[in-house]
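Participant: This is start-v4.pdb, which holds PDB, C-alpha atoms:
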```pdb
ATOM      1  CA  MET A   1       0.000   0.000   0.000
ATOM      2  CA  THR A   2       1.282   3.442  -0.840
ATOM      3  CA  ILE A   3       0.396   6.977   0.103
ATOM      4  CA  GLY A   4      -0.405   9.209  -2.849
ATOM      5  CA  SER A   5      -2.955  11.615  -4.241
ATOM      6  CA  ASP A   6      -6.110  10.791  -6.139
ATOM      7  CA  GLU A   7      -7.111  12.537  -9.358
ATOM      8  CA  ASP A   8      -8.712  15.350  -7.323
ATOM      9  CA  GLY A   9      -5.480  15.955  -5.404
ATOM     10  CA  ASN A  10      -6.749  14.380  -2.178
ATOM     11  CA  ARG A  11      -4.105  12.507  -0.240
ATOM     12  CA  ASP A  12      -5.085   8.894   0.324
ATOM     13  CA  ARG A  13      -3.775   5.371   0.594
ATOM     14  CA  GLY A  14      -3.494   3.839  -2.860
ATOM     15  CA  LEU A  15      -3.673   0.129  -3.484
ATOM     16  CA  ASP A  16      -0.780  -1.176  -5.523
ATOM     17  CA  SER A  17      -1.912  -4.608  -6.527
ATOM     18  CA  PRO A  18      -1.923  -6.318  -9.900
ATOM     19  CA  CYS A  19      -5.291  -7.473 -11.222
ATOM     20  CA  ALA A  20      -5.686 -11.184 -11.814
ATOM     21  CA  GLY A  21      -6.186 -12.584 -15.286
ATOM     22  CA  GLY A  22      -8.011 -10.308 -17.695
ATOM     23  CA  THR A  23      -9.530  -8.147 -14.967
ATOM     24  CA  ALA A  24      -7.412  -5.133 -15.882
ATOM     25  CA  ASP A  25      -8.575  -5.420 -19.492
ATOM     26  CA  LYS A  26     -12.224  -5.618 -18.352
ATOM     27  CA  ILE A  27     -11.767  -2.378 -16.427
ATOM     28  CA  ASP A  28     -10.722  -0.549 -19.606
ATOM     29  CA  ALA A  29     -14.255  -0.552 -21.089
ATOM     30  CA  PRO A  30     -15.914   1.390 -18.247
ATOM     31  CA  VAL A  31     -12.805   3.587 -17.958
ATOM     32  CA  ALA A  32     -13.252   4.682 -21.565
ATOM     33  CA  ARG A  33     -17.060   4.824 -21.420
ATOM     34  CA  ILE A  34     -17.328   7.108 -18.379
ATOM     35  CA  ASP A  35     -14.000   8.891 -18.837
ATOM     36  CA  ARG A  36     -12.615   8.006 -15.413
ATOM     37  CA  SER A  37      -9.294   6.493 -14.375
ATOM     38  CA  ARG A  38      -8.719   2.843 -13.530
ATOM     39  CA  ARG A  39      -7.927   3.996 -10.010
ATOM     40  CA  TRP A  40     -11.336   5.717  -9.703
ATOM     41  CA  ILE A  41     -13.125   2.586 -10.981
ATOM     42  CA  MET A  42     -11.244   0.409  -8.486
ATOM     43  CA  LYS A  43     -12.026   2.787  -5.608
ATOM     44  CA  GLN A  44     -15.730   2.725  -6.524
ATOM     45  CA  ALA A  45     -15.737  -1.070  -6.761
ATOM     46  CA  LEU A  46     -13.970  -1.436  -3.432
ATOM     47  CA  ALA A  47     -16.364   0.992  -1.721
ATOM     48  CA  ALA A  48     -19.368  -0.921  -3.117
ATOM     49  CA  TRP A  49     -17.905  -4.238  -1.943
ATOM     50  CA  ILE A  50     -17.274  -2.864   1.554
ATOM     51  CA  ASP A  51     -20.871  -1.578   1.731
ATOM     52  CA  GLN A  52     -22.140  -4.985   0.611
ATOM     53  CA  GLU A  53     -20.052  -6.820   3.206
ATOM     54  CA  GLU A  54     -21.192  -4.464   5.972
ATOM     55  CA  GLU A  55     -24.840  -5.063   5.013
ATOM     56  CA  ARG A  56     -24.263  -8.830   4.868
ATOM     57  CA  HIS A  57     -22.706  -8.735   8.349
ATOM     58  CA  LYS A  58     -25.615  -6.663   9.706
ATOM     59  CA  MET A  59     -28.163  -9.101   8.236
ATOM     60  CA  THR A  60     -26.258 -12.051   9.719
ATOM     61  CA  LEU A  61     -26.341 -10.477  13.172
ATOM     62  CA  GLU A  62     -30.079  -9.804  12.797
ATOM     63  CA  ALA A  63     -30.672 -13.414  11.737
ATOM     64  CA  LEU A  64     -28.693 -14.741  14.698
ATOM     65  CA  ALA A  65     -30.726 -12.507  17.025
ATOM     66  CA  ASP A  66     -33.920 -13.999  15.528
ATOM     67  CA  VAL A  67     -32.608 -17.504  16.202
ATOM     68  CA  ASP A  68     -31.665 -16.573  19.782
ATOM     69  CA  ALA A  69     -35.181 -15.158  20.288
ATOM     70  CA  GLY A  70     -36.785 -18.318  18.912
ATOM     71  CA  ARG A  71     -38.153 -16.609  15.775
ATOM     72  CA  VAL A  72     -37.536 -19.560  13.468
ATOM     73  CA  ILE A  73     -39.580 -21.802  11.192
ATOM     74  CA  ASP A  74     -39.191 -25.559  11.437
ATOM     75  CA  HIS A  75     -37.280 -26.993   8.474
ATOM     76  CA  GLN A  76     -39.810 -29.778   7.914
ATOM     77  CA  ASN A  77     -42.623 -27.224   7.610
ATOM     78  CA  VAL A  78     -40.645 -25.203   5.078
ATOM     79  CA  GLN A  79     -39.758 -28.343   3.114
ATOM     80  CA  ALA A  80     -43.382 -29.517   3.038
ATOM     81  CA  TRP A  81     -44.499 -26.060   1.853
ATOM     82  CA  ALA A  82     -41.781 -25.912  -0.836
ATOM     83  CA  ASP A  83     -42.646 -29.418  -2.064
ATOM     84  CA  SER A  84     -46.319 -28.465  -2.279
ATOM     85  CA  LEU A  85     -45.641 -25.548  -4.624
ATOM     86  CA  ALA A  86     -45.293 -27.954  -7.566
ATOM     87  CA  THR A  87     -48.679 -29.540  -6.858
ATOM     88  CA  ASP A  88     -52.263 -28.577  -7.736
ATOM     89  CA  SER A  89     -52.949 -27.624  -4.106
ATOM     90  CA  PRO A  90     -49.984 -25.756  -2.614
ATOM     91  CA  LEU A  91     -49.885 -25.275   1.147
ATOM     92  CA  PRO A  92     -49.996 -21.796   2.621
ATOM     93  CA  SER A  93     -46.580 -20.452   3.562
ATOM     94  CA  PRO A  94     -45.466 -21.479   7.045
ATOM     95  CA  PRO A  95     -46.206 -18.891   9.726
ATOM     96  CA  ALA A  96     -43.244 -16.827  10.851
TER      97      ALA A  96
END
```
Give the structure from this file in structure tokens form.
Facilitator:
Amino acid sequence: MTIGSDEDGNRDRGLDSPCAGGTADKIDAPVARIDRSRRWIMKQALAAWIDQEEERHKMTLEALADVDAGRVIDHQNVQAWADSLATDSPLPSPPA
């Protein structure tokens, strides 16, 4: 990791890492299309990934809290409901 400046002159930590396979080539299309640098594209992608991981972690904690509170649906009930969806008389969804 290096310290440098972004295209707006803001000092930040740059990521010096080669892209695997043809990833660098795949970045060239959006770089040309939206007239931004590879670095800007990578920063946007990394920020989006971090947001996604934070949301995934939050949802996992919420799900674990539901389990701890006993807010679960029995697997057999879910399986029976799912199996019934392919029949002429599907079961109502299991109560939450």
Participant: Using only C-alpha atoms, determine which residues lie at most 10 Å from stretch 72-78 of chain A, disregarding the query and same-chain residues fewer than 4 positions distant; provide the list as a ChimeraX atom specification.
Facilitator: /A:63,66-68,82-84,91,93-96
Participant: For those residues, write C-alpha atoms to a file as an mmCIF file, keeping the file's coordinate frame.
Facilitator:
```
data_model
loop_
_atom_site.group_PDB
_atom_site.id
_atom_site.type_symbol
_atom_site.label_atom_id
_atom_site.label_comp_id
_atom_site.auth_asym_id
_atom_site.auth_seq_id
_atom_site.Cartn_x
_atom_site.Cartn_y
_atom_site.Cartn_z
ATOM 1 C CA ALA A 63 -30.672 -13.414 11.737
ATOM 2 C CA ASP A 66 -33.920 -13.999 15.528
ATOM 3 C CA VAL A 67 -32.608 -17.504 16.202
ATOM 4 C CA ASP A 68 -31.665 -16.573 19.782
ATOM 5 C CA ALA A 82 -41.781 -25.912 -0.836
ATOM 6 C CA ASP A 83 -42.646 -29.418 -2.064
ATOM 7 C CA SER A 84 -46.319 -28.465 -2.279
ATOM 8 C CA LEU A 91 -49.885 -25.275 1.147
ATOM 9 C CA SER A 93 -46.580 -20.452 3.562
ATOM 10 C CA PRO A 94 -45.466 -21.479 7.045
ATOM 11 C CA PRO A 95 -46.206 -18.891 9.726
ATOM 12 C CA ALA A 96 -43.244 -16.827 10.851
#
```
Participant: Would you mind listing what lies within 7 Å of stretch 38-43 of chain A as a PyMOL selection string, with only C-alpha atoms counted and same-chain residues fewer than 4 positions away left out?
Facilitator: chain A and resi 27+31+47
Participant: Would you compute the distance between atom CA of A:Gln44 and atom CA of A:His57? Give it in Å to one decimal.
Facilitator: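 Calculated distance between atom CA of A:Gln44 and atom CA of A:His57 is 20.0 Å.
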Participant: Find the distance between atom CA of A:Trp49 and atom CA of A:Ala65 and write it in Å to one decimal.
Facilitator: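 Interatomic distance, atom CA of A:Trp49 to atom CA of A:Ala65: 24.3 Å.
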Participant: Kindly give the distance, in Å, that separates atom CA of A:Arg71 and atom CA of A:Glu53, rounded to a single decimal.
Facilitator: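 Atom-to-atom, atom CA of A:Arg71 to atom CA of A:Glu53, that is 24.1 Å.
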Participant: Quick one: stretch 34-84 of chain A from the block, N, CA and C atoms, as a compact mmCIF listing (two decimals), in the first residue's frame.
Facilitator:
```txt
# COMPACT_ATOMS: atom_id res chain seq x y z
N ILE A 34 -16.94 6.03 -19.30
CA ILE A 34 -17.33 7.11 -18.38
C ILE A 34 -16.21 8.12 -18.16
N ASP A 35 -15.12 7.95 -18.89
CA ASP A 35 -14.00 8.89 -18.84
C ASP A 35 -13.49 9.09 -17.41
N ARG A 36 -13.21 7.99 -16.75
CA ARG A 36 -12.62 8.01 -15.41
C ARG A 36 -11.37 7.13 -15.44
N SER A 37 -10.53 7.27 -14.43
CA SER A 37 -9.29 6.49 -14.37
C SER A 37 -9.57 5.09 -13.84
N ARG A 38 -8.63 4.19 -14.11
CA ARG A 38 -8.72 2.84 -13.53
C ARG A 38 -8.78 2.94 -12.01
N ARG A 39 -7.97 3.83 -11.47
CA ARG A 39 -7.93 4.00 -10.01
C ARG A 39 -9.31 4.38 -9.47
N TRP A 40 -10.00 5.29 -10.14
CA TRP A 40 -11.34 5.72 -9.70
C TRP A 40 -12.31 4.54 -9.75
N ILE A 41 -12.26 3.77 -10.84
CA ILE A 41 -13.12 2.59 -10.98
C ILE A 41 -12.86 1.61 -9.84
N MET A 42 -11.59 1.35 -9.55
CA MET A 42 -11.24 0.41 -8.49
C MET A 42 -11.71 0.92 -7.12
N LYS A 43 -11.57 2.23 -6.88
CA LYS A 43 -12.03 2.79 -5.61
C LYS A 43 -13.54 2.64 -5.47
N GLN A 44 -14.28 2.87 -6.56
CA GLN A 44 -15.73 2.72 -6.52
C GLN A 44 -16.12 1.26 -6.27
N ALA A 45 -15.44 0.35 -6.93
CA ALA A 45 -15.74 -1.07 -6.76
C ALA A 45 -15.44 -1.52 -5.34
N LEU A 46 -14.33 -1.06 -4.80
CA LEU A 46 -13.97 -1.44 -3.43
C LEU A 46 -14.97 -0.86 -2.43
N ALA A 47 -15.38 0.38 -2.62
CA ALA A 47 -16.36 0.99 -1.72
C ALA A 47 -17.69 0.23 -1.78
N ALA A 48 -18.12 -0.16 -2.97
CA ALA A 48 -19.37 -0.92 -3.12
C ALA A 48 -19.25 -2.28 -2.44
N TRP A 49 -18.11 -2.93 -2.58
CA TRP A 49 -17.90 -4.24 -1.94
C TRP A 49 -17.93 -4.11 -0.42
N ILE A 50 -17.28 -3.07 0.10
CA ILE A 50 -17.27 -2.86 1.55
C ILE A 50 -18.69 -2.63 2.05
N ASP A 51 -19.47 -1.81 1.35
CA ASP A 51 -20.87 -1.58 1.73
C ASP A 51 -21.66 -2.88 1.74
N GLN A 52 -21.44 -3.70 0.71
CA GLN A 52 -22.14 -4.99 0.61
C GLN A 52 -21.77 -5.90 1.78
N GLU A 53 -20.49 -5.96 2.11
CA GLU A 53 -20.05 -6.82 3.21
C GLU A 53 -20.58 -6.32 4.55
N GLU A 54 -20.64 -5.01 4.73
CA GLU A 54 -21.19 -4.46 5.97
C GLU A 54 -22.67 -4.82 6.10
N GLU A 55 -23.41 -4.71 5.00
CA GLU A 55 -24.84 -5.06 5.01
C GLU A 55 -25.02 -6.56 5.27
N ARG A 56 -24.19 -7.38 4.65
CA ARG A 56 -24.26 -8.83 4.87
C ARG A 56 -24.00 -9.17 6.34
N HIS A 57 -23.02 -8.50 6.94
CA HIS A 57 -22.71 -8.74 8.35
C HIS A 57 -23.88 -8.31 9.24
N LYS A 58 -24.46 -7.15 8.94
CA LYS A 58 -25.62 -6.66 9.71
C LYS A 58 -26.78 -7.66 9.62
N MET A 59 -27.06 -8.15 8.41
CA MET A 59 -28.16 -9.10 8.24
C MET A 59 -27.88 -10.41 8.97
N THR A 60 -26.62 -10.83 8.99
CA THR A 60 -26.26 -12.05 9.72
C THR A 60 -26.50 -11.88 11.21
N LEU A 61 -26.10 -10.73 11.74
CA LEU A 61 -26.34 -10.48 13.17
C LEU A 61 -27.83 -10.44 13.49
N GLU A 62 -28.63 -9.83 12.60
CA GLU A 62 -30.08 -9.80 12.80
C GLU A 62 -30.67 -11.22 12.76
N ALA A 63 -30.18 -12.04 11.84
CA ALA A 63 -30.67 -13.41 11.74
C ALA A 63 -30.31 -14.22 12.99
N LEU A 64 -29.10 -14.03 13.48
CA LEU A 64 -28.69 -14.74 14.70
C LEU A 64 -29.52 -14.29 15.90
N ALA A 65 -29.87 -13.01 15.94
CA ALA A 65 -30.73 -12.51 17.02
C ALA A 65 -32.11 -13.14 16.93
N ASP A 66 -32.62 -13.33 15.70
CA ASP A 66 -33.92 -14.00 15.53
C ASP A 66 -33.85 -15.44 16.03
N VAL A 67 -32.77 -16.12 15.73
CA VAL A 67 -32.61 -17.50 16.20
C VAL A 67 -32.55 -17.53 17.73
N ASP A 68 -31.76 -16.63 18.32
CA ASP A 68 -31.66 -16.57 19.78
C ASP A 68 -33.01 -16.29 20.43
N ALA A 69 -33.86 -15.51 19.74
CA ALA A 69 -35.18 -15.16 20.29
C ALA A 69 -36.24 -16.21 19.96
N GLY A 70 -35.85 -17.25 19.23
CA GLY A 70 -36.79 -18.32 18.91
C GLY A 70 -37.68 -18.01 17.72
N ARG A 71 -37.36 -16.97 16.96
CA ARG A 71 -38.15 -16.61 15.78
C ARG A 71 -37.62 -17.39 14.57
N VAL A 72 -37.99 -18.67 14.53
CA VAL A 72 -37.54 -19.56 13.47
C VAL A 72 -38.72 -20.37 12.95
N ILE A 73 -38.56 -20.93 11.77
CA ILE A 73 -39.58 -21.80 11.19
C ILE A 73 -38.96 -23.18 11.05
N ASP A 74 -39.67 -24.18 11.49
CA ASP A 74 -39.19 -25.56 11.44
C ASP A 74 -38.87 -25.97 10.00
N HIS A 75 -37.73 -26.59 9.81
CA HIS A 75 -37.28 -26.99 8.47
C HIS A 75 -38.29 -27.91 7.79
N GLN A 76 -38.86 -28.84 8.53
CA GLN A 76 -39.81 -29.78 7.91
C GLN A 76 -41.03 -29.04 7.38
N ASN A 77 -41.48 -28.00 8.10
CA ASN A 77 -42.62 -27.22 7.61
C ASN A 77 -42.27 -26.47 6.32
N VAL A 78 -41.09 -25.92 6.28
CA VAL A 78 -40.64 -25.20 5.08
C VAL A 78 -40.51 -26.18 3.91
N GLN A 79 -39.93 -27.34 4.18
CA GLN A 79 -39.76 -28.34 3.11
C GLN A 79 -41.10 -28.82 2.58
N ALA A 80 -42.05 -29.09 3.47
CA ALA A 80 -43.38 -29.52 3.04
C ALA A 80 -44.05 -28.43 2.19
N TRP A 81 -43.92 -27.17 2.61
CA TRP A 81 -44.50 -26.06 1.85
C TRP A 81 -43.84 -25.96 0.48
N ALA A 82 -42.50 -26.02 0.44
CA ALA A 82 -41.78 -25.91 -0.84
C ALA A 82 -42.16 -27.06 -1.77
N ASP A 83 -42.27 -28.27 -1.24
CA ASP A 83 -42.65 -29.42 -2.06
C ASP A 83 -44.05 -29.26 -2.61
N SER A 84 -44.92 -28.61 -1.85
CA SER A 84 -46.32 -28.47 -2.28
C SER A 84 -46.49 -27.44 -3.40
```
